[in-house]
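Below is one structure, written out as structure tokens; the observations come after it.
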Amino acid sequence: MSIIQIDYIDVAISLGLIAVVLAISLLSRLFLEKDLLIGTVRCFIQLVIVGYILNWVFGLEHWYAVLAMLLVMMLIAGYSASRRVEGRGEKRIVVASFAVMAASFSVIMVVFSLVIPLDPWYDPRYVIPISGMIINGAMNGVSIGMATLRTQLKDRSDAVLGALSLGASSAQASAPMVRESLKKALIPTINGLMTAGIVQLPGMMTGQIVAGVDPRLAVLYQIVVYYMLAASVSLSAIIGVKMYRRRFFNKIHQFSRPG
Amino acid sequence: MSSGWERLTFLVLKIDYITKDELWSNTLSCGFGFNVNICLIYFINYPGVVTVSDESLVEFSGVVKSFKSQQDEGKKGVERNVIFSELDLSIARGKTTALIGPSGSGKTTLLRLINRLESADGGRITFAGKDVESLEVLSLRRLALLLPQKPLLFEGTVRENITYGSRFSGGSAKGDDGERFGELLAVVGLPEELLERKGDLSGGEEQRVCLARALWLSPQLLMLDESTSYLDPPVARKVLANLAELQRETGLTVIHVTHEIPKLKLAHRIIFLTDGGAVEEGDAKSLLTNPRTTRMRDFLGELK
């Protein structure tokens with residue numbers, strides 16, 4: 001099992017592919033050149049740094065280094081998720097970070113204690129990339145869920161006030177909007193489950209196959225990944241949305257419409 | 001009349017599960033066929049109590065309310081938009097009070113202060129003699145029912161919409177449903193065939209379903225915020241006449257925000273609200289023909 005080595009020169013050659021995008025943007029007057037350039041450079045710098053960090057963490061062989069890394073990943077994910085939700089105030093950041101942490105931590109625990117036995121238990125080669133996927137799923141779930149809740153409560157404020165006026169509690173009055181937000185957060189994941197392997201060959205499976213792993217084993221890993229993603233997306237969405245809902249109501253069931 | 005109340009209270013206490021404070025809601029529900037035994041005693045002994053009452057159901061004293069102005073939101077220490085600087089008024093029990101005033105004068109805010117969708121910054125609001133802050137807010141909202149102008153139907157059939165409020169109080173649909181639906185549909189003037197319809201209603205039909213939904217909860221106070229505005233004039237006249245009939249039977253108190261002169265004429269009293277909470281209130285007939293302030297005269301002039 002050997003992997004073909006590539007170096008920075010090969011990467012430089014692959015930049016030619018970006019040149020194609022650049023040409024299309026210029027010819028079709030899409031004015032995406034600036035963003036494309038920034039994106040290309042950021043992608044390069046971020047991934048190279050991550051490569052070095054991972055290499056360093058793998059070399060440390062300390063459980064606390066791995067845990068610290070996971071914590072940083074979760075906090076960054078929580079912050080990025082909250083950035084995608086409109087509005088002011090720290091509440092969004094706190095809610096999103098808490099939801100990402102609670103959801104991904106539970107799923108990570110289940111995966112590594114029951115599904116993939118590790119030796120040592122914190123083996124960074126497994127823990128970090130797989131947790132990364134879980135955290136990413138949690139981030140997407142909570143950001144879509146919270147952003148949808150906000151627009152739903154804004155657009156359907158009449159329905160909220162109407163239900164409150166009939167004596168509904170704030171939870172009852174906002175239940176349809178909460179449901180809609182959870183649905184929206186979960187649909188991409190469910191669609192992914194439906195089309196897995198047909199429309200796209202998932203990244204992790206591709207990677208393992210390229211690295212020489214038996215495709216049948218790679219598939220088993222990928223199935224686990226899909227299931228754990230579904231769990232982390234839905235857990236983070238439900239935690240985040242239910243906590244965020246409280247921000248728009250007070251104890252005496254008064255509603256403040258998001259502006 | 002006071003001795004009447006005492007004797008009534010005595011009878012009611014004998015029945016044991018009803019307190020004096022719940023009395024109004026119970027006499028109300030008898031209009032729909034509930035608690036007939038209590039009502040019989042009530043009507044035989046004191047037929048005048050329900051309809052002839054000078055008491056006020058809602059009282060505002062020194063109520064202050066302001067909002068953060070929209071563009072300044074988020075900044076601290078900015079000036080607030082004062083709606084009521086010190087509002088005093090009372091809503092007569094068992095009567096229809098029309099609430100009028102230019103837009104921005106706080107009509108909707110006033111209604112929301114009563115059912116506590118908003119809280120006052122100062123002063124005191126009482127409902128049936130009790131500070132609204134001391135009442136359980138969700139039951140208060142069922143007793144003081146606010147009906148917005150824009151009709152809002154929830155998912156489901158018209159029948160499910162009419163009983164929608166029951167699901168919030170935890171109460172299931174009641175035993176004599178059929179009769180109840182019949183009476184409510186008659187009040188709002190909708191045919192029974194409509195009960196199973198899902199969506200596809202006209203604006204006027206929707207408003208009437210919303211009115212039936214509000215009445216289904218047997219409120220003591222019905223607050224109509226231009227809630228009959230989508231009805232054709234003859235239909236509106238009929239619905240309001242039915243409502244007045246219901247009011248005579250049950251002692252329902254109505255606050256009606258409207259700017260249509262024919263609807264104003266149906267009210268017993270009128271409260272004219274201007275910026276800052278200055279108020280002119282009085283008997284509807286005399287105020288309409290003889291407004292005391294020039295502001296109100298000008299305002300009424302613009303309506304005609």
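Letters A, B, ... go to the chains of the structure tokens in the order shown; residues in each chain start at 1; ligands are counted from 1 in the same order.
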Q: Up to 7 Å from chain A, what residues of chain B turn up? Count only C-alpha atoms and give them as a PyMOL selection string.
A: chain B and resi 117-118+137-139+141-142+145-146+152+165+168
Q: For range 80-84 of chain B, work out the shell of residues within 7 Å, counting only C-alpha atoms and skipping chain neighbours fewer than 6 positions away, then give it as a ChimeraX atom specification.
A: /B:63-69,105-106,275-277
(Q) Just the number, please: distance in Å from CA of Ile238 in chain A to CA of Val107 in chain A, one decimal. (A) 14.1 Å
Could you name the residues that touch Glu226 in chain B at 8 Å or less, counting only C-alpha atoms, but leaving out those on the same chain fewer than 3 positions away, as a short mmCIF file (atom, residue, chain, number, x, y, z; two decimals) with all heavy atoms, in the first residue's frame?
```cif
data_model
loop_
_atom_site.label_atom_id
_atom_site.label_comp_id
_atom_site.auth_asym_id
_atom_site.auth_seq_id
_atom_site.Cartn_x
_atom_site.Cartn_y
_atom_site.Cartn_z
N PRO B 148 -56.97 40.62 15.99
CA PRO B 148 -56.31 41.60 15.11
C PRO B 148 -57.08 41.81 13.81
O PRO B 148 -57.98 41.04 13.48
CB PRO B 148 -54.95 40.97 14.84
CG PRO B 148 -55.13 39.51 15.07
CD PRO B 148 -56.26 39.34 16.02
N GLN B 149 -56.70 42.87 13.10
CA GLN B 149 -57.40 43.17 11.85
C GLN B 149 -57.14 42.10 10.80
O GLN B 149 -58.04 41.64 10.13
CB GLN B 149 -56.93 44.52 11.30
CG GLN B 149 -57.51 44.82 9.93
CD GLN B 149 -57.11 46.20 9.43
OE1 GLN B 149 -56.09 46.74 9.80
NE2 GLN B 149 -57.93 46.76 8.57
N SER B 229 -63.27 44.70 9.28
CA SER B 229 -63.04 45.66 8.19
C SER B 229 -63.18 45.04 6.80
O SER B 229 -63.43 45.74 5.83
CB SER B 229 -61.65 46.26 8.34
OG SER B 229 -60.70 45.22 8.35
N HIS B 256 -64.09 48.16 20.44
CA HIS B 256 -64.06 48.07 18.98
C HIS B 256 -63.25 49.23 18.41
O HIS B 256 -63.66 50.38 18.50
CB HIS B 256 -65.51 48.13 18.46
CG HIS B 256 -65.64 47.69 17.03
ND1 HIS B 256 -66.84 47.45 16.42
CD2 HIS B 256 -64.70 47.43 16.09
CE1 HIS B 256 -66.63 47.06 15.17
NE2 HIS B 256 -65.34 47.05 14.96
N VAL B 257 -62.08 48.91 17.88
CA VAL B 257 -61.30 49.93 17.16
C VAL B 257 -61.85 49.98 15.75
O VAL B 257 -61.80 48.99 15.02
CB VAL B 257 -59.81 49.56 17.12
CG1 VAL B 257 -59.05 50.56 16.25
CG2 VAL B 257 -59.22 49.52 18.51
N THR B 258 -62.44 51.08 15.38
CA THR B 258 -62.98 51.21 14.03
C THR B 258 -63.06 52.67 13.66
O THR B 258 -63.15 53.54 14.53
CB THR B 258 -64.37 50.57 13.91
OG1 THR B 258 -64.82 50.73 12.56
CG2 THR B 258 -65.38 51.20 14.84
#
```
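Taking CA of Tyr230 in chain B and CA of Leu143 in chain B as endpoints, the distance between them is 24.8 Å.
Counting only C-alpha atoms, Arg124 in chain B has the following residues at most 10 Å away, ignoring those fewer than 3 positions along the same chain: Glu59, Phe60, Ser61, Gly62, Val63, Val64, Leu87, Asp88, Ala120, Asp121, Lys130, Asp131, Val132 and Glu133 of chain B.
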**Q.** Contact residues around Leu57 in chain B with only C-alpha atoms at 8 Å, ignoring same-chain residues under 2 positions, as number ranges by chain
**A.** B: 55, 59, 90-93, 126-129, 253
Hey, what does DSSP flag as alpha helix (DSSP H) within range 67-177 of chain B? Can you give it to me as a compact mmCIF listing (two decimals) with N, CA, C and O atoms, in the first residue's frame?
```txt
# COMPACT_ATOMS: atom_id res chain seq x y z
N LYS B 107 -53.77 52.91 19.70
CA LYS B 107 -54.97 52.10 19.90
C LYS B 107 -54.61 50.62 20.09
O LYS B 107 -55.07 49.99 21.04
N THR B 108 -53.79 50.11 19.18
CA THR B 108 -53.41 48.70 19.28
C THR B 108 -52.58 48.46 20.54
O THR B 108 -52.75 47.44 21.23
N THR B 109 -51.70 49.41 20.86
CA THR B 109 -50.89 49.28 22.08
C THR B 109 -51.79 49.20 23.30
O THR B 109 -51.56 48.38 24.20
N LEU B 110 -52.85 50.03 23.31
CA LEU B 110 -53.77 50.02 24.45
C LEU B 110 -54.38 48.63 24.62
O LEU B 110 -54.42 48.09 25.73
N LEU B 111 -54.80 48.03 23.49
CA LEU B 111 -55.40 46.69 23.57
C LEU B 111 -54.36 45.67 24.06
O LEU B 111 -54.67 44.79 24.86
N ARG B 112 -53.15 45.81 23.56
CA ARG B 112 -52.10 44.85 23.95
C ARG B 112 -51.68 45.01 25.40
O ARG B 112 -51.13 44.08 25.99
N LEU B 113 -51.90 46.21 25.95
CA LEU B 113 -51.59 46.38 27.38
C LEU B 113 -52.61 45.64 28.22
O LEU B 113 -52.29 45.12 29.29
N ILE B 114 -53.85 45.59 27.71
CA ILE B 114 -54.89 44.91 28.48
C ILE B 114 -54.62 43.40 28.53
O ILE B 114 -54.69 42.79 29.58
N VAL B 137 -51.10 35.12 33.12
CA VAL B 137 -51.17 35.84 31.85
C VAL B 137 -51.92 35.07 30.77
O VAL B 137 -52.68 35.63 29.98
N LEU B 138 -51.76 33.75 30.71
CA LEU B 138 -52.39 33.00 29.62
C LEU B 138 -53.91 32.94 29.79
O LEU B 138 -54.65 33.00 28.81
N SER B 139 -54.37 32.84 31.04
CA SER B 139 -55.84 32.85 31.23
C SER B 139 -56.39 34.24 30.99
O SER B 139 -57.49 34.40 30.47
N LEU B 140 -55.60 35.26 31.37
CA LEU B 140 -56.03 36.63 31.09
C LEU B 140 -56.26 36.84 29.60
O LEU B 140 -57.25 37.44 29.18
N ARG B 141 -55.37 36.28 28.78
CA ARG B 141 -55.49 36.48 27.33
C ARG B 141 -56.70 35.77 26.76
O ARG B 141 -57.22 36.15 25.71
N ARG B 142 -57.14 34.71 27.43
CA ARG B 142 -58.37 34.05 26.97
C ARG B 142 -59.60 34.81 27.44
O ARG B 142 -60.63 34.79 26.77
N LEU B 143 -59.49 35.49 28.59
CA LEU B 143 -60.63 36.27 29.08
C LEU B 143 -60.75 37.61 28.38
O LEU B 143 -61.84 38.10 28.13
N VAL B 158 -61.87 24.77 8.87
CA VAL B 158 -62.52 25.86 9.58
C VAL B 158 -62.93 25.38 10.97
O VAL B 158 -62.75 26.08 11.97
N ARG B 159 -63.45 24.16 11.06
CA ARG B 159 -63.85 23.61 12.35
C ARG B 159 -62.67 23.58 13.32
O ARG B 159 -62.77 24.04 14.45
N GLU B 160 -61.52 23.06 12.82
CA GLU B 160 -60.34 23.01 13.68
C GLU B 160 -59.88 24.41 14.08
O GLU B 160 -59.40 24.62 15.19
N ASN B 161 -60.06 25.36 13.16
CA ASN B 161 -59.67 26.73 13.48
C ASN B 161 -60.54 27.33 14.56
O ASN B 161 -60.04 28.05 15.43
N ILE B 162 -61.83 27.04 14.50
CA ILE B 162 -62.74 27.64 15.48
C ILE B 162 -62.41 27.14 16.89
O ILE B 162 -62.43 27.89 17.86
N TYR B 164 -59.51 26.17 17.85
CA TYR B 164 -58.05 26.20 18.02
C TYR B 164 -57.61 26.61 19.41
O TYR B 164 -56.66 26.08 19.96
N GLY B 165 -58.32 27.60 19.98
CA GLY B 165 -57.93 28.11 21.29
C GLY B 165 -57.98 27.05 22.38
O GLY B 165 -57.23 27.12 23.36
N SER B 166 -58.84 26.05 22.20
CA SER B 166 -58.99 25.03 23.24
C SER B 166 -57.72 24.23 23.43
O SER B 166 -57.42 23.77 24.53
N ARG B 167 -56.96 24.05 22.36
CA ARG B 167 -55.76 23.21 22.49
C ARG B 167 -54.71 23.88 23.37
O ARG B 167 -53.85 23.22 23.93
N PHE B 168 -54.79 25.20 23.51
CA PHE B 168 -53.80 25.89 24.34
C PHE B 168 -54.16 25.80 25.82
O PHE B 168 -53.30 25.84 26.67
N SER B 169 -55.46 25.72 26.10
CA SER B 169 -55.86 25.67 27.50
C SER B 169 -55.84 24.24 28.01
O SER B 169 -56.14 23.99 29.17
N ASP B 177 -70.67 20.09 21.32
CA ASP B 177 -70.02 20.72 20.18
C ASP B 177 -70.97 21.25 19.12
O ASP B 177 -70.93 22.42 18.76
```
Q) Quick one, how far is CA of Gly101 in chain B from CA of Thr289 in chain B? A)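 Between these atoms lies a distance of 16.6 Å.
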Q: Return the single residue from B:Thr157, B:Leu231, B:Glu86, B:Lys304 that is closest to Gly122 in chain B, with distances computed using only C-alpha atoms.
A: B:Glu86
